[in-house]
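*Asks:* Submitted below is the structure of interest, expressed as structure tokens.
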Amino acid sequence: MSNSRKTALCGVLSAFAAALLLTSRAGLTVYTSPALAGLVIGVVALEIGGKWAFLCYFSVSLLSFFFAGVEGAVMFIAFFGYYPIVTLLLERNRGRIFSRKWFRWSVKVLLFNTAVIAAYAFLSFVFGIKPEDYGKLGQYTAPILFAVGNVIFLLYDFAARGLAPVYLKRISPAVRRLFR
């Protein structure tokens with residue numbers, strides 16, 4: 001695929017991911033839109049490689065910072081935007097260390113937990129939220145959400161890894177014909 005066609009594909013998919021993030025203003029879409037936009041960035045990584053996917057990630061991150069809801073933008077920038085790229089790199093680079101499944105899972109979980117803590121600290125700093133502001137559960141809210149977040153992350157990773165072969169088999173040939 002030529003560079004002009006890669007640029008076109010990257011632009012179209014970046015616009016789609018940014019449009020998904022524009023819906024992340026209220027309700028459940030605050031959580032689902034960044035995850036779906038991250039899957040779109042994963043499509044770029046599968047089709048044309050990690051370098052182009054990081055370019056898409058940076059462009060969508062910049063747009064989401066200005067136009068999306070704050071929580072959705074932070075979730076995309078802190079984790080969902082680059083995670084599919086990192087996962088693809090971890091799965092493809094199976095050298096001596098990365099050949100062990102437990103090590104790849106450890107890196108993924110560590111990456112997720114670091115991103116959640118950073119995003120939580122950022123949002124707490126920006127909005128000035130204290131544990132007492134969470135209501136009756138107070139100090140237990142953050143650990144409960146952290147544990148639930150880890151379970152949801154594992155489900156997200158399992159779903160994304162399951163969707164990748166389906167995409168490569170059924171949708172990718174049509175995309176490649178369109179952008180050849």
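Quick note on naming: the chains in the structure tokens go A, B, ... in the order shown, residues restart at 1 in each chain, and ligands are numbered from 1 in order of appearance.
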Wanna dump the range 74-155 of chain A-range 54-69 of chain A contacts at 8 Å for me, each residue with its shortest atom pair and the distance in Å to one decimal, counting only C-alpha atoms, ordered by chain and number, as a Markdown table?
*Replies:*
| residue | atom | partner | partner_atom | distance |
| --- | --- | --- | --- | --- |
| A:Val74 | CA | A:Phe65 | CA | 7.9 |
| A:Phe76 | CA | A:Ser61 | CA | 7.1 |
| A:Ile77 | CA | A:Ser61 | CA | 5.7 |
| A:Gly81 | CA | A:Tyr57 | CA | 5.8 |
| A:Tyr82 | CA | A:Tyr57 | CA | 6.5 |
| A:Ile85 | CA | A:Phe54 | CA | 7.5 |
*Asks:* Can those selected residues be exported to a file as an mmCIF file, in the first residue's frame so that it contains N, CA and C atoms?
*Replies:*
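What follows is the written file again_28.cif:
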data_model
loop_
_atom_site.group_PDB
_atom_site.id
_atom_site.type_symbol
_atom_site.label_atom_id
_atom_site.label_comp_id
_atom_site.auth_asym_id
_atom_site.auth_seq_id
_atom_site.Cartn_x
_atom_site.Cartn_y
_atom_site.Cartn_z
ATOM 1 N N VAL A 74 -9.919 11.552 28.588
ATOM 2 C CA VAL A 74 -8.865 11.066 29.480
ATOM 3 C C VAL A 74 -8.741 9.549 29.382
ATOM 4 N N PHE A 76 -9.474 7.682 26.787
ATOM 5 C CA PHE A 76 -8.872 7.354 25.503
ATOM 6 C C PHE A 76 -7.380 7.651 25.515
ATOM 7 N N ILE A 77 -7.002 8.812 25.992
ATOM 8 C CA ILE A 77 -5.589 9.209 25.995
ATOM 9 C C ILE A 77 -4.781 8.344 26.957
ATOM 10 N N GLY A 81 -6.613 4.363 23.734
ATOM 11 C CA GLY A 81 -6.081 4.759 22.439
ATOM 12 C C GLY A 81 -4.835 3.995 22.024
ATOM 13 N N TYR A 82 -3.925 3.788 22.948
ATOM 14 C CA TYR A 82 -2.672 3.121 22.586
ATOM 15 C C TYR A 82 -2.656 1.635 22.945
ATOM 16 N N ILE A 85 -2.469 -0.981 20.102
ATOM 17 C CA ILE A 85 -1.165 -0.969 19.437
ATOM 18 C C ILE A 85 -0.146 -1.747 20.264
#
*Asks:* Which residue gives the smallest distance to Leu145 in chain A among A:Ala73, A:Leu39, A:Val116, A:Val126, with only C-alpha atoms counted?
*Replies:*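 Of the candidates, the smallest distance to Leu145 in chain A is held by A:Val116.
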*Asks:* From the list A:Thr114, A:Thr87, A:Thr7, A:Ser124, which residue is nearest Arg161 in chain A when using only C-alpha atoms?
*Replies:*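 The shortest atom-to-atom distance to Arg161 in chain A comes from A:Thr87.
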*Asks:* Would you list the contacts of range 154-159 of chain A as a PyMOL selection string, taking every protein, DNA or RNA residue within 10 Å and counting only C-alpha atoms, but skipping same-chain residues closer than 2 positions in sequence?
*Replies:* chain A and resi 35+39+83-84+87+105+108-109+112+149-152+161-164
*Asks:* Those selected residues, please, written with C-alpha atoms and delivered as a compact mmCIF listing (two decimals), in the first residue's frame.
*Replies:*
# COMPACT_ATOMS: atom_id res chain seq x y z
CA ALA A 35 -13.13 1.59 24.09
CA LEU A 39 -10.64 -0.69 18.57
CA TYR A 83 -3.57 -0.21 24.19
CA PRO A 84 -4.50 -2.02 20.94
CA THR A 87 -1.15 -5.44 22.47
CA TRP A 105 -0.68 -10.83 30.63
CA LYS A 108 -1.01 -5.86 30.04
CA VAL A 109 -2.49 -5.79 33.55
CA PHE A 112 -3.89 -1.03 32.59
CA GLY A 149 -12.28 -2.13 36.13
CA ASN A 150 -9.76 -4.98 36.07
CA VAL A 151 -12.49 -7.51 35.33
CA ILE A 152 -13.88 -5.31 32.55
CA ARG A 161 -8.32 -10.56 20.63
CA GLY A 162 -11.37 -12.50 19.48
CA LEU A 163 -12.47 -9.78 17.04
CA ALA A 164 -9.05 -9.40 15.39
*Asks:* Which residues come within 12 Å of Arg176 in chain A, counting only C-alpha atoms, excluding same-chain residues fewer than 3 positions away, as a compact mmCIF listing (two decimals) with N, CA and C atoms, in the first residue's frame?
*Replies:*
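File result_8.txt, as written:
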# COMPACT_ATOMS: atom_id res chain seq x y z
N MET A 1 0.85 -1.17 0.00
CA MET A 1 0.00 0.00 0.00
C MET A 1 0.89 1.23 0.00
N SER A 2 0.60 2.18 -0.87
CA SER A 2 1.41 3.39 -0.97
C SER A 2 1.17 4.30 0.24
N ARG A 5 -2.13 6.20 0.18
CA ARG A 5 -3.28 5.37 0.55
C ARG A 5 -3.28 5.08 2.05
N LYS A 6 -2.10 4.90 2.64
CA LYS A 6 -2.01 4.73 4.09
C LYS A 6 -2.49 5.99 4.81
N LEU A 9 -6.31 6.09 4.56
CA LEU A 9 -6.92 5.14 5.48
C LEU A 9 -6.79 5.64 6.92
N VAL A 43 -7.56 -1.32 14.38
CA VAL A 43 -7.72 -1.64 12.97
C VAL A 43 -6.59 -1.01 12.16
N VAL A 44 -6.24 0.22 12.48
CA VAL A 44 -5.12 0.88 11.80
C VAL A 44 -3.84 0.10 12.04
N LEU A 46 -3.53 -3.10 12.67
CA LEU A 46 -3.59 -4.36 11.93
C LEU A 46 -3.37 -4.14 10.43
N GLU A 47 -3.92 -3.08 9.89
CA GLU A 47 -3.88 -2.85 8.45
C GLU A 47 -2.53 -2.30 7.97
N ILE A 48 -2.02 -1.27 8.65
CA ILE A 48 -0.84 -0.59 8.10
C ILE A 48 0.31 -0.44 9.09
N TYR A 167 -12.01 -9.84 11.99
CA TYR A 167 -11.78 -8.67 11.14
C TYR A 167 -10.83 -9.01 10.00
N LEU A 168 -9.72 -9.67 10.32
CA LEU A 168 -8.73 -9.99 9.29
C LEU A 168 -9.29 -10.91 8.21
N LYS A 169 -10.19 -11.78 8.58
CA LYS A 169 -10.73 -12.73 7.61
C LYS A 169 -11.87 -12.15 6.78
N ARG A 170 -12.74 -11.36 7.40
CA ARG A 170 -13.95 -10.93 6.71
C ARG A 170 -13.95 -9.49 6.22
N ILE A 171 -13.39 -8.57 6.98
CA ILE A 171 -13.49 -7.16 6.64
C ILE A 171 -12.22 -6.63 5.97
N SER A 172 -11.08 -7.09 6.42
CA SER A 172 -9.82 -6.59 5.90
C SER A 172 -9.67 -6.73 4.39
N PRO A 173 -10.09 -7.83 3.77
CA PRO A 173 -9.97 -7.90 2.30
C PRO A 173 -10.74 -6.79 1.58
N PHE A 179 -8.63 0.46 -0.59
CA PHE A 179 -7.47 1.35 -0.47
C PHE A 179 -6.24 0.79 -1.15
N ARG A 180 -6.38 0.00 -2.20
CA ARG A 180 -5.19 -0.54 -2.88
C ARG A 180 -4.58 0.43 -3.84
